[in-house]
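Asks: Would you mind keeping the following structure in view while I ask a few things?
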Amino acid sequence: MSPDELLSQCKAGKLHPVYLFIGPDTWRRDECKRALIEKALPEEDREQGYVRHDLDEVDLAEALDDACSFSLFAANRLIWVSSAEAALPRGDAAGGSVALERYVKNPTPGVTLVLQSSRFELDGEDKAKSERVRKYFAPVKAVVEFPHPSASEARTLAQRFAKQRGLQIQSDALDLLIEATGANASRLANEIEKLRLLTETATVEHVRKLVPDAREATIFNLVAALGRRDRKASLEILDTLVRDGEYLPLSLSFLAAQFRFAITAREARLTTASAIQGHFQRLGVPMWSARAQQIQQTAAAFQPGQMRSAIRWIFQADRGLRDIRPDDRTVMEQFILRLTS
């Protein structure tokens, strides 16, 4: 089920005795946690009735023994078990936990048990690991998924956070904020809170000054200009980066990733930014519309052979920057001239 479905259950007062929370998104998980505490624990039980276990420190059997016991101090309890993935055995996890299966068949009245597994992504390289977690905890039927929000979901969340705090944020500033925070909901909430303390109307300059990693946007501008083979703009942006003391190998890292994405887009015959964004999101790769547009421009400006040559030149430029006291500007200027010729 989704976090919204769980929140609806909480409002209706229809809770399951056991939940598996799976996925890395902290913001929505904390939102559901607050709702569960409010619904499962009356005010008088919240101090003694909320119990936490960490399976990095105790085993699952001990946590289940606690769930089976009755408390002298709280009629209702919420038992929160974090690091649930630590319970997985080596090898095949399909057998699951016999003790958990017994508990799910006969849960303790007045106890809500939550097993939290937040270490693995639900897609991409971690998908097989998260599926092992699901198999091991298969007796738990109420599974709530907490994936990182997509770019569009992050934008909706950011707009909601900004409205709640009385902050107006310009559209381009919002795009930069989402990119700088990696569409992480918790970071979005924190950065919007900081922006509201600074101003009532946030601009790109506010985001660049206040938000960590937002200065990388200038590097993204260089990547975009190189991707379009725009020599004049690339040299102007390089001048800004050098004057600001930016770490230039970072721009090469971003550029190498962009060319790899562009090669993949050409091989998959993706010709529009929306198709590129959808393709990479299905593969579990975070992709925003602005990034997809940059990739589309790069794929259109270069032939596949040129892009592969560009990746080799990037490696050579990166090695040059890491040489004993190189002239960073000269190395990058030579690279830009070579790439945009």
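Numbering starts fresh at 1 for the residues of each chain in the structure tokens, the chains themselves are lettered A, B, ... in the order given, and ligands are numbered from 1 as they appear.
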Would you return as number ranges by chain the members of stretch 132-200 of chain A that DSSP assigns to strand (DSSP E) on this structure's backbone?

Replies: A: 142-145, 168-169

Asks: So that I can see what lies close to A:Phe120, please list as a list in words the residues with an atom at most 10 Å from it, counting only C-alpha atoms and leaving out residues fewer than 5 positions away in the same chain.

Replies: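 These residues fall inside the cut-off: Ile22, Gly23, Pro24, Glu85, Glu125, Asp126, Lys127, Ala128, Lys129, Ser130, Glu131, Val133 and Pro147 of chain A.
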
Asks: Suppose you want the space between atom CA of A:Leu238 and atom CA of A:Ser171; what is it in Å?

Replies: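 Computing it gives 25.6 Å between the two atoms.
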
Asks: How many Å separate atom CA of A:Pro42 from atom CA of A:Thr112?

Replies: 12.8 Å

Asks: Which one of A:Trp313, A:Phe335, A:Phe259, A:Phe280 sits closest to A:Ala299 if you count only C-alpha atoms?

Replies: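 Closest to A:Ala299, using only C-alpha atoms: A:Phe259.
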
Asks: For A:Arg29, which of A:Asp59, A:Asp54, A:Glu101, A:Glu145 is the closest residue, counting only C-alpha atoms?

Replies: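 Of all the options, A:Glu145 lies closest to A:Arg29.
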
Asks: Near A:Lys194, counting only C-alpha atoms, which residues have an atom at most 12 Å away, once you skip same-chain residues fewer than 5 positions from it, shown as a list in words?

Replies: Phe161, Ala162, Arg165, Leu167, Arg187, Leu188, Ala189, Thr199, Glu200, Ala202, His206, Val207, Lys209, Leu210, Val211 and Pro212 of chain A

Asks: Do you know which residues are at most 12 Å from A:Leu6 counting only C-alpha atoms, after dropping those on the same chain fewer than 3 positions away, and could you put them as a list in words?

Replies: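 With the cut-off at 12 Å, the set is Met1, Ser2, Pro3, Gln9, Cys10, Lys11, Ala12, Gly13, Lys14, Leu15, His16, Tyr19, Leu20, Phe21, Arg28, Arg29, Glu31, Cys32, Lys33, Arg34, Ala35, Leu36, Lys39, Ala142, Val143, Val144, Glu145 and Phe146 of chain A.
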
Asks: With C-alpha atoms retained, could you export that selection as a compact mmCIF listing (two decimals), in the first residue's frame?

Replies:
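So out22.txt came out as:
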```txt
# COMPACT_ATOMS: atom_id res chain seq x y z
CA MET A 1 0.00 0.00 0.00
CA SER A 2 1.03 3.62 -0.37
CA PRO A 3 1.64 6.05 2.52
CA GLN A 9 -6.59 3.78 7.46
CA CYS A 10 -5.40 5.81 10.43
CA LYS A 11 -8.16 8.38 9.91
CA ALA A 12 -10.72 5.58 9.70
CA GLY A 13 -9.28 3.86 12.77
CA LYS A 14 -8.74 0.56 10.92
CA LEU A 15 -5.21 -0.50 11.78
CA HIS A 16 -3.47 -3.77 11.00
CA TYR A 19 3.10 -3.54 9.27
CA LEU A 20 6.21 -3.77 7.12
CA PHE A 21 7.55 -0.34 6.19
CA ARG A 28 6.66 10.07 4.28
CA ARG A 29 7.70 7.38 6.76
CA GLU A 31 4.50 11.30 8.51
CA CYS A 32 2.97 7.80 8.76
CA LYS A 33 4.77 7.18 12.04
CA ARG A 34 3.21 10.26 13.61
CA ALA A 35 -0.23 9.18 12.37
CA LEU A 36 0.21 5.67 13.80
CA LYS A 39 -4.14 6.56 16.36
CA ALA A 142 0.25 -4.86 5.35
CA VAL A 143 3.29 -3.64 3.42
CA VAL A 144 3.75 0.12 3.05
CA GLU A 145 6.21 1.28 0.38
CA PHE A 146 8.33 4.41 0.80
```

Asks: From the list A:Leu248, A:Leu339, A:Ala290, A:Ala300, which residue is nearest A:Gly320 when using only C-alpha atoms?

Replies: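 That would be A:Leu248, the residue with the smallest distance to A:Gly320.
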
Asks: Would you mind listing what lies within 12 Å of A:Gln297 as a PDB file with C-alpha atoms, in the first residue's frame, with only C-alpha atoms counted and same-chain residues fewer than 6 positions away left out?

Replies:
```pdb
ATOM      1  CA  VAL A 223      27.566  20.688 -18.816  1.00  0.00           C
ATOM      2  CA  ALA A 224      24.513  21.931 -20.710  1.00  0.00           C
ATOM      3  CA  ALA A 225      26.553  24.391 -22.781  1.00  0.00           C
ATOM      4  CA  LEU A 226      29.119  21.731 -23.679  1.00  0.00           C
ATOM      5  CA  GLY A 227      26.308  19.334 -24.474  1.00  0.00           C
ATOM      6  CA  ARG A 228      25.006  21.891 -26.993  1.00  0.00           C
ATOM      7  CA  ARG A 229      28.579  22.420 -28.315  1.00  0.00           C
ATOM      8  CA  ASP A 230      28.230  26.108 -27.396  1.00  0.00           C
ATOM      9  CA  GLN A 258      25.635  13.139 -19.319  1.00  0.00           C
ATOM     10  CA  PHE A 259      27.424  11.639 -22.320  1.00  0.00           C
ATOM     11  CA  PHE A 261      23.100   8.930 -20.613  1.00  0.00           C
ATOM     12  CA  ALA A 262      23.040  10.465 -24.097  1.00  0.00           C
ATOM     13  CA  ILE A 263      24.633   7.356 -25.635  1.00  0.00           C
ATOM     14  CA  ALA A 265      19.244   7.533 -25.214  1.00  0.00           C
ATOM     15  CA  ARG A 266      20.554   7.296 -28.779  1.00  0.00           C
ATOM     16  CA  LEU A 270      14.692   8.212 -27.514  1.00  0.00           C
ATOM     17  CA  THR A 271      14.186  11.525 -29.256  1.00  0.00           C
ATOM     18  CA  THR A 272      12.235  13.643 -26.750  1.00  0.00           C
ATOM     19  CA  ALA A 273      13.014  14.807 -23.218  1.00  0.00           C
ATOM     20  CA  ILE A 276      14.251  10.078 -21.920  1.00  0.00           C
ATOM     21  CA  ALA A 290      15.599  19.773 -16.926  1.00  0.00           C
ATOM     22  CA  ARG A 291      18.211  16.996 -16.826  1.00  0.00           C
ATOM     23  CA  GLN A 303      27.032  11.346 -32.992  1.00  0.00           C
TER      24      GLN A 303
END
```

Asks: Using backbone DSSP assignments, extract all alpha helix (DSSP H) residues from stretch 85-228 of chain A; output them as JSON, numbers by chain.

Replies: {"A": [98, 99, 100, 101, 102, 103, 104, 105, 127, 128, 129, 130, 131, 132, 133, 134, 135, 136, 151, 152, 153, 154, 155, 156, 157, 158, 159, 160, 161, 162, 163, 164, 171, 172, 173, 174, 175, 176, 177, 178, 179, 180, 185, 186, 187, 188, 189, 190, 191, 192, 193, 194, 195, 196, 197, 198, 204, 205, 206, 207, 208, 209, 210, 216, 217, 218, 219, 220, 221, 222, 223, 224, 225, 226, 227]}

Asks: Take the residues that were just selected and, keeping C-alpha atoms, output them as a JSON list (two decimals), in the first residue's frame.

Replies:
```
[["chain", "number", "residue", "atom", "x", "y", "z"],
["A", 98, "VAL", "CA", 8.61, -19.05, 11.81],
["A", 99, "ALA", "CA", 8.25, -16.94, 14.95],
["A", 100, "LEU", "CA", 6.94, -13.99, 12.91],
["A", 101, "GLU", "CA", 4.47, -16.24, 11.11],
["A", 102, "ARG", "CA", 3.15, -17.50, 14.46],
["A", 103, "TYR", "CA", 2.83, -13.95, 15.77],
["A", 104, "VAL", "CA", 0.95, -12.69, 12.68],
["A", 105, "LYS", "CA", -1.57, -15.53, 13.07],
["A", 127, "LYS", "CA", 15.68, -4.14, -6.11],
["A", 128, "ALA", "CA", 16.86, -7.73, -5.55],
["A", 129, "LYS", "CA", 17.79, -6.89, -1.94],
["A", 130, "SER", "CA", 14.43, -5.29, -1.21],
["A", 131, "GLU", "CA", 12.68, -8.33, -2.74],
["A", 132, "ARG", "CA", 14.59, -10.56, -0.30],
["A", 133, "VAL", "CA", 13.23, -8.43, 2.54],
["A", 134, "ARG", "CA", 9.70, -8.86, 1.21],
["A", 135, "LYS", "CA", 10.12, -12.64, 0.96],
["A", 136, "TYR", "CA", 11.47, -12.98, 4.48],
["A", 151, "ALA", "CA", 10.75, 14.59, -9.79],
["A", 152, "SER", "CA", 7.08, 15.47, -10.29],
["A", 153, "GLU", "CA", 6.15, 14.16, -6.83],
["A", 154, "ALA", "CA", 9.03, 16.11, -5.29],
["A", 155, "ARG", "CA", 7.81, 19.26, -7.01],
["A", 156, "THR", "CA", 4.29, 18.74, -5.63],
["A", 157, "LEU", "CA", 5.68, 18.11, -2.13],
["A", 158, "ALA", "CA", 7.92, 21.20, -2.32],
["A", 159, "GLN", "CA", 4.98, 23.35, -3.37],
["A", 160, "ARG", "CA", 2.97, 21.97, -0.46],
["A", 161, "PHE", "CA", 5.80, 22.61, 2.01],
["A", 162, "ALA", "CA", 6.25, 26.16, 0.70],
["A", 163, "LYS", "CA", 2.51, 26.90, 0.96],
["A", 164, "GLN", "CA", 2.38, 25.58, 4.54],
["A", 171, "SER", "CA", 9.54, 28.20, -10.76],
["A", 172, "ASP", "CA", 13.21, 28.19, -11.80],
["A", 173, "ALA", "CA", 14.25, 28.43, -8.14],
["A", 174, "LEU", "CA", 12.02, 25.44, -7.38],
["A", 175, "ASP", "CA", 13.67, 23.42, -10.18],
["A", 176, "LEU", "CA", 17.10, 24.28, -8.79],
["A", 177, "LEU", "CA", 16.03, 23.38, -5.24],
["A", 178, "ILE", "CA", 14.71, 19.97, -6.32],
["A", 179, "GLU", "CA", 17.91, 19.26, -8.26],
["A", 180, "ALA", "CA", 20.18, 20.44, -5.44],
["A", 185, "ALA", "CA", 11.60, 15.09, 0.65],
["A", 186, "SER", "CA", 13.25, 15.58, 4.04],
["A", 187, "ARG", "CA", 15.93, 17.83, 2.59],
["A", 188, "LEU", "CA", 13.31, 19.77, 0.65],
["A", 189, "ALA", "CA", 11.34, 20.42, 3.85],
["A", 190, "ASN", "CA", 14.48, 21.53, 5.72],
["A", 191, "GLU", "CA", 15.72, 23.83, 2.96],
["A", 192, "ILE", "CA", 12.30, 25.44, 2.47],
["A", 193, "GLU", "CA", 12.17, 26.10, 6.22],
["A", 194, "LYS", "CA", 15.57, 27.84, 5.97],
["A", 195, "LEU", "CA", 14.51, 29.82, 2.90],
["A", 196, "ARG", "CA", 11.39, 31.05, 4.72],
["A", 197, "LEU", "CA", 13.56, 32.44, 7.52],
["A", 198, "LEU", "CA", 15.49, 34.39, 4.89],
["A", 204, "VAL", "CA", 17.41, 31.34, -7.75],
["A", 205, "GLU", "CA", 19.96, 33.54, -5.98],
["A", 206, "HIS", "CA", 18.43, 32.76, -2.57],
["A", 207, "VAL", "CA", 18.63, 29.03, -3.31],
["A", 208, "ARG", "CA", 22.24, 29.25, -4.53],
["A", 209, "LYS", "CA", 23.34, 31.17, -1.44],
["A", 210, "LEU", "CA", 21.54, 29.06, 1.14],
["A", 216, "GLU", "CA", 26.52, 22.84, -8.64],
["A", 217, "ALA", "CA", 23.89, 24.43, -10.87],
["A", 218, "THR", "CA", 26.66, 26.51, -12.43],
["A", 219, "ILE", "CA", 28.46, 23.28, -13.21],
["A", 220, "PHE", "CA", 25.24, 21.93, -14.72],
["A", 221, "ASN", "CA", 25.12, 25.08, -16.87],
["A", 222, "LEU", "CA", 28.62, 24.26, -18.14],
["A", 223, "VAL", "CA", 27.57, 20.69, -18.82],
["A", 224, "ALA", "CA", 24.51, 21.93, -20.71],
["A", 225, "ALA", "CA", 26.55, 24.39, -22.78],
["A", 226, "LEU", "CA", 29.12, 21.73, -23.68],
["A", 227, "GLY", "CA", 26.31, 19.33, -24.47]]
```

Asks: Quick one: of A:Arg338, A:Ala257, A:His53, A:Ser309, who's nearest to A:Gln294, counting only C-alpha atoms?

Replies: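 With only C-alpha atoms as the atom set, the closest residue is A:Ala257.
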
Asks: One number please: atom CA of A:Arg77 to atom CA of A:Asp56, in Å, one decimal.

Replies: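 Rounded to one decimal, the two atoms are 21.7 Å apart.
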
Asks: Using only C-alpha atoms, pick whichever of A:Met332, A:Ile311, A:Leu122, A:Ala275 has the shortest atom-to-atom distance to A:Asp239.

Replies: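 So, comparing all the options, the nearest one is A:Met332.
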
Asks: Any idea what's packed within 12 Å of A:Ala317, counting only C-alpha atoms, ignoring anything in its chain fewer than 4 positions away? Could you give it as a PyMOL selection string?

Replies: chain A and resi 248-253+255-256+310-313+321-323+326-339

Asks: What would the file look like if the residues just selected were written as a PDB file, in the first residue's frame with C-alpha atoms?

Replies:
```pdb
ATOM      1  CA  LEU A 248      36.549  21.500 -11.755  1.00  0.00           C
ATOM      2  CA  PRO A 249      36.866  17.677 -11.777  1.00  0.00           C
ATOM      3  CA  LEU A 250      33.261  17.688 -10.514  1.00  0.00           C
ATOM      4  CA  SER A 251      32.098  19.278 -13.776  1.00  0.00           C
ATOM      5  CA  LEU A 252      33.903  16.550 -15.725  1.00  0.00           C
ATOM      6  CA  SER A 253      32.187  13.880 -13.628  1.00  0.00           C
ATOM      7  CA  LEU A 255      29.672  15.714 -18.088  1.00  0.00           C
ATOM      8  CA  ALA A 256      30.843  12.090 -18.347  1.00  0.00           C
ATOM      9  CA  ALA A 310      34.322  12.830 -25.670  1.00  0.00           C
ATOM     10  CA  ILE A 311      34.339  10.400 -22.734  1.00  0.00           C
ATOM     11  CA  ARG A 312      37.993   9.576 -23.526  1.00  0.00           C
ATOM     12  CA  TRP A 313      38.819  13.302 -23.658  1.00  0.00           C
ATOM     13  CA  LEU A 321      43.595  18.414 -13.601  1.00  0.00           C
ATOM     14  CA  ARG A 322      44.961  15.927 -11.064  1.00  0.00           C
ATOM     15  CA  ASP A 323      48.548  16.306 -12.277  1.00  0.00           C
ATOM     16  CA  PRO A 326      48.313  21.947 -13.306  1.00  0.00           C
ATOM     17  CA  ASP A 327      46.881  25.179 -14.667  1.00  0.00           C
ATOM     18  CA  ASP A 328      43.218  24.211 -14.280  1.00  0.00           C
ATOM     19  CA  ARG A 329      41.953  26.937 -16.583  1.00  0.00           C
ATOM     20  CA  THR A 330      44.328  25.923 -19.395  1.00  0.00           C
ATOM     21  CA  VAL A 331      43.419  22.227 -19.079  1.00  0.00           C
ATOM     22  CA  MET A 332      39.700  22.999 -19.191  1.00  0.00           C
ATOM     23  CA  GLU A 333      40.009  25.537 -22.012  1.00  0.00           C
ATOM     24  CA  GLN A 334      41.872  22.986 -24.142  1.00  0.00           C
ATOM     25  CA  PHE A 335      39.181  20.409 -23.366  1.00  0.00           C
ATOM     26  CA  ILE A 336      36.352  22.824 -24.275  1.00  0.00           C
ATOM     27  CA  LEU A 337      38.018  23.834 -27.539  1.00  0.00           C
ATOM     28  CA  ARG A 338      38.543  20.185 -28.462  1.00  0.00           C
ATOM     29  CA  LEU A 339      34.996  19.166 -27.593  1.00  0.00           C
TER      30      LEU A 339
END
```
